[in-house]
Amino acid sequence: MRQLLTLIIITFSSQLLAQDYFYKKLEPFDPAIPSPEQFLGYPIGEHHTRHDRIVAYLQKLADVSDKANIITYGMTHEYRPLVILNISSPENLNNLSKHQADHMALVDPNNAKTASEDMPIFINLGYNVHGNEPSSSEAALLTAYTLVASQSAAVKEYLNKSIIFIDPTINPDGRDRHTHWANMYKGSPKVKDPADAEHNEAWPRGRTNHYWFDLNRDWLLAINPESRGKLKWFHEWYPNVVTDFHEMGTNSTYFFEPMKPIASKDPIMPKENYTKLNDLFAKYFEEDLNKIGSLYFTKEAFDGTYPGYGSSYPDLQGGLALLFEQASSRGHVQETPMGDITFAFTIRNQYTSSMATVRAAVENKGMLMNYQKDFFKSAISNANKSSVKGYVFGDPYDENRTRAFIDKLLLHKVKVHKLSADVTRNGKVFKTDYSYVVPAAQPQYRMVQTMFETYSQYSDSVYYDASAWSVANFYNMPYAPLTGSLSLGSEVTAENNVKEVAAVESSNYAYLLSWEDYNAPAALYYLQDHDVRATSAFKPFSINVASSAKSFNYGTIMIPISKQKISKDSLNILLKAVTDKYKVDIYPVATGYSSSGIDLGSSNFETVQKPKAVMLVEGSVSSYEAGEVWHLLDTRVDMPITKVPMRNFGGLDLNDYNTLVMVSGRYNDLDSADKAKITSWVSSGNTLITIRTATSWAISSKLVKEKLVEKDKDKKEEDKVPVKSKPYVDAGPNIGKQEVGGAIFEVSLDLTHPLAFGYRSNKMPVYRNSDVWLAPSASAYGTVARYTDNPHIDGFITPKNLNENLKGSASLIVSGVGRGRVVMFADNPNFRGSWYGTNRLFLNALFLGNHISVPKE
């Protein structure tokens, strides 16, 4: 059998070098349309195609054919265009606006329009969201050529009955990073040894985008321009079918849906989606892949539980999202135990599945259209059946964070209204001047559920990814369900979702900036970067502002006029620029005398040192977490951070910096001299920030005198429970469920600690996706955040992890080292760029870390 499979693989490998392998059954082809090989100068699969060449080929098709046109829907961080090639019959393309309007009327539950035979089905073929999974973009070129150039009766029918949107490269920045690597190391003859550099990309690898984000997790969170551009396009078209092409391990085969069962106990997605429709399309994939002898599997792996994948988000918009996973050559050719796998070989299944998707969608277009119509109608009816009629939310102290949350809702077409009358729910007061209402009865009801609902029961305990995603908790947003009538005010739009800031009046004494505003750190850094001197209040106070007393909390920034190197007029101009840029309120005061609390000349106002941060990257460091830090500081704080490769650490002068950031990683590259160097630098008064496994490393390396929770080691040998035998086949699931893949829990904050400055509530949600169980600090003053006695908010966790490891453990501690300190996060405060609620903890460590001492009793 093994010899036969090897022969099959070798046979396919040789056949794939002849490009008509892909299209022969769809002849004849229009000779006026250049094939990819003719345009590029090499056969598909022979070389990795750069993104600019992909775009150029699609542009060529649009130039020479009346069956295609191309649009740009966005731009990446590195200024590569995000394009879609629209393909259909000339008649359909000439009436594209009409077809779009008809389709939008169809998905509107308040519109009586029904599907008709003359309406084309909308098919979005999406490729290459992970940059180093490159076979699908090459398949996109083949698919585009086939649909534009084939004169077969089958393709003509496809174009008459559908509009096909080909998105060839969802992640151009990551793709080009990988393309350059694979082509740079390509040998002649090709090297198939898995140990070769070609098959082993350097850090951070091409999977992610510019800031090292996984864009396939970003559909819900929409942090990056690639995702925001795609979502804007998506909600203008609502395609009926969406593909999501990936690659997996070299020694695997091919995967298509159905996936393994959804882990949610009560999925909000209609069952028809992941049973009837998946099974229907699977028959087409089975038939076409059988014809070319492909091995494949279904149902065993992957899941669509998390709503932020390219293979799940469209399911929550009435479409059918389809995941494909192809064994990867990780280069041009690589040997495996079952024979060589070539790049060309990996492309064939992606192309075959692309064409099968088009065929299945066209042949079932009436069913798919009616399903999508019913999907949005059922959203309204489901909402009307629920006792929850809407959600009220809003933070009285941080309008910018509230508006950032509203921006997320609006991006997903969730309707938001101002609150028209004050509401008290679950002990929380929501006033009209800062609160908003999301009604449940709206077409995007399922997205409303995604944003607000939390869960504690599951049908399965093993997740491919996160088990919690209640986005309101990401923002630490006060909210409550509403069961009665709703007090709806005016609707909020993207145009009016902007904070209004009063012009800064001139002062002869000082200015105050609340640290509770999400944008306060960015505003402060802007001022510091312009040599403005500022202090932070380590105790609260009240003082007259415009003749009336106003309260200011811990962390308030004070800018004294008399201590500046610039004139008061120049300072006022700077402050006006800050308020305009960051939409923060800055208050002039005419006196240093407070009506209560500390005065402005108190020693409890400490000068804030301008952060000069460095972060270790490469080696075993998590590129995801490093990218999250880089992205946060680049895009929200406008603050640079020096990224130093591990290989250069030995020659780095740490004295040029006051803060060192170490995100998750093993840090095996750091030897005893490197550890001594870090310890000495911290001891001299600087700040080390560690996140998740970097915290474990700091403890195991004895940089700090702290401990992890290790309860089993505390038990006497005779008290330990004997290990019970279990079926071997269940080992994977049983072990997997012991991990905390991603869930939300409550911690208790010490609001008087500088790391908690800017928070008002001593309870807040945090995101945990690790098994770093951090014991409370040995110092009575070192534990800033610890898990509460009843911490579970949302997501899966085993009783053992919850009761023995999590409860009472620490989420954030500070450990003194000489005159310095180590700020230690057990959790990731910057997860996927979306945790606005815990970002401040990290930013406080940057801006206020060097003002923290760990008192000894």
# chains A, B, ... in the order shown; residues from 1 in each chain; ligands from 1
>>> residues_around(residues="segment 242-258 of chain A", least_positions_apart="6", cutoff="8 Å", atoms="only C-alpha atoms", output="PyMOL selection string")
chain A and resi 123-130+133-136+274-275+278-279+282+285+294-299+310-311+314+319-330+336-338+341+349-350+354
>>> residues_around(residues="segment 112-114 of chain A", least_positions_apart="3", cutoff="10 Å", atoms="only C-alpha atoms", output="ChimeraX atom specification")
/A:102-109,119,369-370,373
>>> select_by_dssp(residues="segment 274-456 of chain A", states="strand (DSSP E or B)", output="MDAnalysis selection string")
chainID A and resid 297 320:327 333:336 339:342 390:393 417:419 423:425 428:430 436:439
>>> atom_distance(atom1="atom CA of Ser470 of chain A", atom2="atom CA of Tyr836 of chain A")
13.0 Å
>>> select_by_dssp(residues="segment 413-625 of chain A", states="alpha helix (DSSP H)", output="ChimeraX atom specification")
/A:445-452,471-474,520-529,568-582,623-625
>>> residues_around(residues="Ser435 of chain A", least_positions_apart="5", cutoff="7 Å", atoms="only C-alpha atoms", output="VMD selection string")
chain A and resid 392 to 394 418 to 419 430
>>> residues_around(residues="Gly651 of chain A", least_positions_apart="4", cutoff="12 Å", atoms="only C-alpha atoms", output="number ranges by chain")
A: 644-647, 655, 673-674, 677
>>> write_last_selection(atoms="N, CA, C and O atoms", output="PDB file, in the first residue's frame")
ATOM      1  N   VAL A 644      14.892  44.217  19.969  1.00  0.00           N
ATOM      2  CA  VAL A 644      16.261  43.705  19.898  1.00  0.00           C
ATOM      3  C   VAL A 644      16.243  42.197  19.726  1.00  0.00           C
ATOM      4  O   VAL A 644      15.694  41.478  20.570  1.00  0.00           O
ATOM      5  N   PRO A 645      16.833  41.689  18.638  1.00  0.00           N
ATOM      6  CA  PRO A 645      16.914  40.233  18.457  1.00  0.00           C
ATOM      7  C   PRO A 645      17.725  39.588  19.574  1.00  0.00           C
ATOM      8  O   PRO A 645      18.711  40.156  20.066  1.00  0.00           O
ATOM      9  N   MET A 646      17.310  38.404  19.968  1.00  0.00           N
ATOM     10  CA  MET A 646      18.005  37.696  21.042  1.00  0.00           C
ATOM     11  C   MET A 646      19.502  37.547  20.744  1.00  0.00           C
ATOM     12  O   MET A 646      20.333  37.615  21.643  1.00  0.00           O
ATOM     13  N   ARG A 647      19.833  37.372  19.470  1.00  0.00           N
ATOM     14  CA  ARG A 647      21.236  37.164  19.106  1.00  0.00           C
ATOM     15  C   ARG A 647      22.097  38.393  19.378  1.00  0.00           C
ATOM     16  O   ARG A 647      23.315  38.302  19.420  1.00  0.00           O
ATOM     17  N   ASN A 655      21.623  50.112  29.796  1.00  0.00           N
ATOM     18  CA  ASN A 655      21.547  51.401  30.477  1.00  0.00           C
ATOM     19  C   ASN A 655      20.974  52.500  29.593  1.00  0.00           C
ATOM     20  O   ASN A 655      20.688  53.588  30.077  1.00  0.00           O
ATOM     21  N   ALA A 673      25.435  34.779  32.279  1.00  0.00           N
ATOM     22  CA  ALA A 673      25.930  36.156  32.190  1.00  0.00           C
ATOM     23  C   ALA A 673      24.814  37.107  31.779  1.00  0.00           C
ATOM     24  O   ALA A 673      24.720  38.237  32.283  1.00  0.00           O
ATOM     25  N   ASP A 674      23.949  36.656  30.866  1.00  0.00           N
ATOM     26  CA  ASP A 674      22.817  37.484  30.430  1.00  0.00           C
ATOM     27  C   ASP A 674      21.853  37.713  31.585  1.00  0.00           C
ATOM     28  O   ASP A 674      21.347  38.834  31.789  1.00  0.00           O
ATOM     29  N   LYS A 677      23.261  40.161  33.937  1.00  0.00           N
ATOM     30  CA  LYS A 677      23.178  41.496  33.331  1.00  0.00           C
ATOM     31  C   LYS A 677      21.794  42.111  33.564  1.00  0.00           C
ATOM     32  O   LYS A 677      21.665  43.282  33.935  1.00  0.00           O
TER      33      LYS A 677
END
>>> atom_distance(atom1="atom CA of Gly597 of chain A", atom2="atom CA of Ala785 of chain A")
25.4 Å
>>> residues_around(residues="segment 766-771 of chain A", least_positions_apart="4", cutoff="9 Å", atoms="only C-alpha atoms", output="PyMOL selection string")
chain A and resi 466+468+473-474+476+692-693+738-747+801+805+811+826-829+831+835+837-838
>>> atom_distance(atom1="atom CA of Tyr185 of chain A", atom2="atom CA of Asn216 of chain A")
27.1 Å
